[in-house]
$ cat run_7.cif   # mmCIF, C-alpha atoms
data_input
loop_
_atom_site.label_atom_id
_atom_site.label_comp_id
_atom_site.auth_asym_id
_atom_site.auth_seq_id
_atom_site.Cartn_x
_atom_site.Cartn_y
_atom_site.Cartn_z
CA MET P 250 -63.34 315.88 217.58
CA GLN P 251 -61.56 314.26 220.50
CA ILE P 252 -59.07 311.40 220.57
CA GLY P 253 -61.09 308.20 220.88
CA ASP P 254 -64.13 309.52 219.00
CA ARG P 255 -65.54 306.86 216.66
CA TYR P 256 -67.81 306.61 213.67
CA GLU P 257 -69.35 303.31 212.55
CA LEU P 258 -71.35 302.38 209.52
CA GLU P 259 -72.91 299.13 208.42
CA VAL P 260 -72.97 297.98 204.82
CA ASP P 261 -74.41 294.91 203.11
CA ILE P 262 -71.90 293.58 200.61
CA THR P 263 -73.33 293.28 197.10
CA ALA P 264 -71.69 292.36 193.79
CA THR P 265 -70.75 296.01 193.23
CA TYR P 266 -68.38 295.79 196.22
CA THR P 267 -66.49 292.78 194.86
CA ALA P 268 -63.15 292.54 193.12
CA GLN P 269 -64.98 291.15 190.09
CA GLY P 270 -67.29 294.16 190.21
CA LEU P 271 -64.28 296.42 189.56
CA CYS P 272 -63.44 294.69 186.27
CA THR P 273 -63.64 296.65 183.05
CA THR P 274 -63.16 293.92 180.46
CA ILE P 275 -64.54 290.46 179.96
CA GLU P 276 -61.02 289.01 180.28
CA ASP P 277 -60.60 290.26 183.86
CA ARG P 278 -61.26 287.55 186.40
CA PHE P 279 -61.31 288.21 190.12
CA PRO P 280 -63.10 286.66 193.10
CA GLU P 281 -66.66 287.46 194.11
CA VAL P 282 -65.59 288.76 197.54
CA LEU P 283 -65.19 292.24 198.99
CA ALA P 284 -62.47 294.04 197.02
CA THR P 285 -59.58 295.58 198.92
CA ALA P 286 -60.19 298.87 197.08
CA LYS P 287 -63.82 298.91 198.22
CA MET P 288 -62.82 298.02 201.79
CA ILE P 289 -60.46 301.00 201.82
CA ALA P 290 -63.18 303.24 200.35
CA LEU P 291 -65.54 302.27 203.17
CA MET P 292 -62.83 302.95 205.76
CA GLU P 293 -62.22 306.38 204.21
CA LEU P 294 -65.95 307.09 204.28
CA ALA P 295 -66.16 306.31 208.00
CA ALA P 296 -63.21 308.60 208.78
CA ALA P 297 -64.55 311.38 206.53
CA ARG P 298 -67.94 311.27 208.26
CA LEU P 299 -66.25 311.52 211.64
CA MET P 300 -64.49 314.70 210.44
CA THR P 301 -67.65 316.40 209.10
CA PRO P 302 -68.12 318.68 212.15
CA LEU P 303 -64.62 320.12 211.63
CA LEU P 304 -65.33 321.36 208.11
CA ALA P 305 -66.07 325.00 207.35
CA ALA P 306 -68.04 326.12 204.31
CA GLY P 307 -66.07 325.33 201.15
CA GLU P 308 -63.88 322.71 202.83
CA LEU P 309 -63.61 318.96 202.32
CA SER P 310 -61.56 316.24 203.93
CA VAL P 311 -59.35 314.18 201.64
CA GLY P 312 -57.37 311.01 202.16
CA VAL P 313 -53.60 311.46 202.33
CA HIS P 314 -52.44 307.99 203.30
CA VAL P 315 -53.70 304.49 203.91
CA ASN P 316 -51.88 301.63 205.62
CA VAL P 317 -54.26 298.69 205.93
CA THR P 318 -54.15 294.94 205.74
CA HIS P 319 -56.94 292.94 204.12
CA ILE P 320 -57.01 290.00 206.52
CA ALA P 321 -59.85 287.78 205.31
CA PRO P 322 -62.34 287.50 202.42
CA THR P 323 -65.89 288.75 202.95
CA PRO P 324 -68.57 287.14 200.75
CA VAL P 325 -71.43 288.76 198.88
CA GLY P 326 -74.46 288.94 201.15
CA ALA P 327 -72.47 289.58 204.31
CA SER P 328 -73.14 292.58 206.48
CA VAL P 329 -70.02 294.46 207.58
CA LYS P 330 -69.34 297.03 210.26
CA VAL P 331 -66.76 299.66 209.33
CA SER P 332 -65.28 301.92 211.97
CA ALA P 333 -62.89 304.83 212.23
CA GLU P 334 -61.45 305.94 215.57
CA TYR P 335 -59.64 309.27 215.86
CA LEU P 336 -56.06 308.86 217.08
CA GLY P 337 -54.86 312.46 216.93
CA LYS P 338 -53.19 314.94 214.61
CA PRO P 339 -49.45 314.15 214.52
CA ALA P 340 -48.71 316.46 211.57
CA ASP P 341 -50.82 318.28 208.98
CA PHE P 342 -53.34 315.45 208.87
CA TYR P 343 -55.80 313.67 211.12
CA GLU P 344 -54.96 310.03 211.92
CA PHE P 345 -57.52 307.24 212.34
CA GLU P 346 -57.52 303.57 213.24
CA VAL P 347 -59.83 301.88 210.74
CA ARG P 348 -61.42 298.43 210.84
CA LEU P 349 -63.83 296.32 208.87
CA GLU P 350 -65.56 293.41 210.61
CA ASP P 351 -67.91 290.77 209.26
CA ALA P 352 -69.73 287.98 211.12
CA ALA P 353 -66.49 285.98 211.45
CA GLY P 354 -64.46 288.84 212.94
CA ILE P 355 -61.95 291.40 211.72
CA ALA P 356 -61.52 291.27 207.94
CA GLY P 357 -59.40 294.41 207.55
CA ALA P 358 -57.56 296.86 209.79
CA GLY P 359 -54.99 299.61 209.76
CA THR P 360 -54.55 303.37 209.79
CA HIS P 361 -55.74 306.18 207.58
CA GLY P 362 -54.81 309.86 207.42
CA ARG P 363 -56.99 312.71 206.20
CA ALA P 364 -56.44 316.43 205.67
CA ILE P 365 -58.81 319.37 205.41
CA VAL P 366 -58.56 321.28 202.13
CA ALA P 367 -60.38 324.08 200.38
CA GLU P 368 -62.59 322.48 197.73
CA GLU P 369 -61.93 325.22 195.16
CA ARG P 370 -58.14 324.92 195.56
CA LEU P 371 -58.36 321.14 195.22
CA LEU P 372 -60.41 321.39 192.02
CA GLN P 373 -58.04 324.00 190.56
CA GLY P 374 -55.09 321.73 191.27
CA ALA P 375 -56.86 318.82 189.62
CA ALA P 376 -57.69 320.93 186.55
CA ARG P 377 -53.99 321.84 186.13
CA ARG P 378 -53.19 318.12 185.82
CA ARG P 379 -55.17 317.73 182.58
#
$ encode --input "run_7.cif" --output "structure tokens"
Amino acid sequence: MQIGDRYELEVDITATYTAQGLCTTIEDRFPEVLATAKMIALMELAAARLMTPLLAAGELSVGVHVNVTHIAPTPVGASVKVSAEYLGKPADFYEFEVRLEDAAGIAGAGTHGRAIVAEERLLQGAARRR
């Protein structure tokens, strides 16, 4: 992976991507627009897919930080383009510029860091937290 490499994906926003779609009780009330949490998940997915060629057997990439701004609401039915561009490896993680654009322009942007970890070690660490 070289600085400037990019990965893009396109997604049609459905109700499952909305803030209301995240609700767990009938009392929760949120807008029927793309949820910030789902926007971040799509940005992470784009960066993770860009890193796939770097992974050895038994390794995964995991998110270590996110610094994004949700700029504008995206409605259900919209098609979005999500991109991750590799910026470099300033420390023990890989840094990406991430963006989400809909028909009206940029709806979210920022940076995201990912690290490569051994899947078994990650799962053992998670099991110790029970």
$ closest_residue --input "run_7.cif" --among "P:Leu372, P:Met292, P:Val315, P:Val331" --to "Thr360 in chain P" --atoms "all atoms listed in the file"
P:Val315
$ resolve_selection --input "run_7.cif" --expression "the PyMOL selection byres ((chain P and resi 332) around 7)" --output "list in words"
Arg255, Tyr256, Glu257, Leu258, Met292, Ala295, Lys330, Val331, Ala333, Glu334, Val347, Arg348 and Leu349 of chain P
$ closest_residue --input "run_7.cif" --among "P:Ala296, P:Ala321, P:Tyr335, P:Ala367" --to "Gly253 in chain P" --atoms "all atoms listed in the file"
P:Tyr335
$ resolve_selection --input "run_7.cif" --expression "the PyMOL selection byres ((chain P and resi 285) around 10)" --output "PyMOL selection string"
chain P and resi 266-268+282-284+286-291+317-320+322+357
$ axis_aligned_box --input "run_7.cif" --around "range 343-360 of chain P" --padding-each-side "5 Å" --output "lines of an AutoDock Vina configuration file"
center_x = -62.1
center_y = 299.8
center_z = 210.4
size_x = 25.2
size_y = 37.7
size_z = 15.7
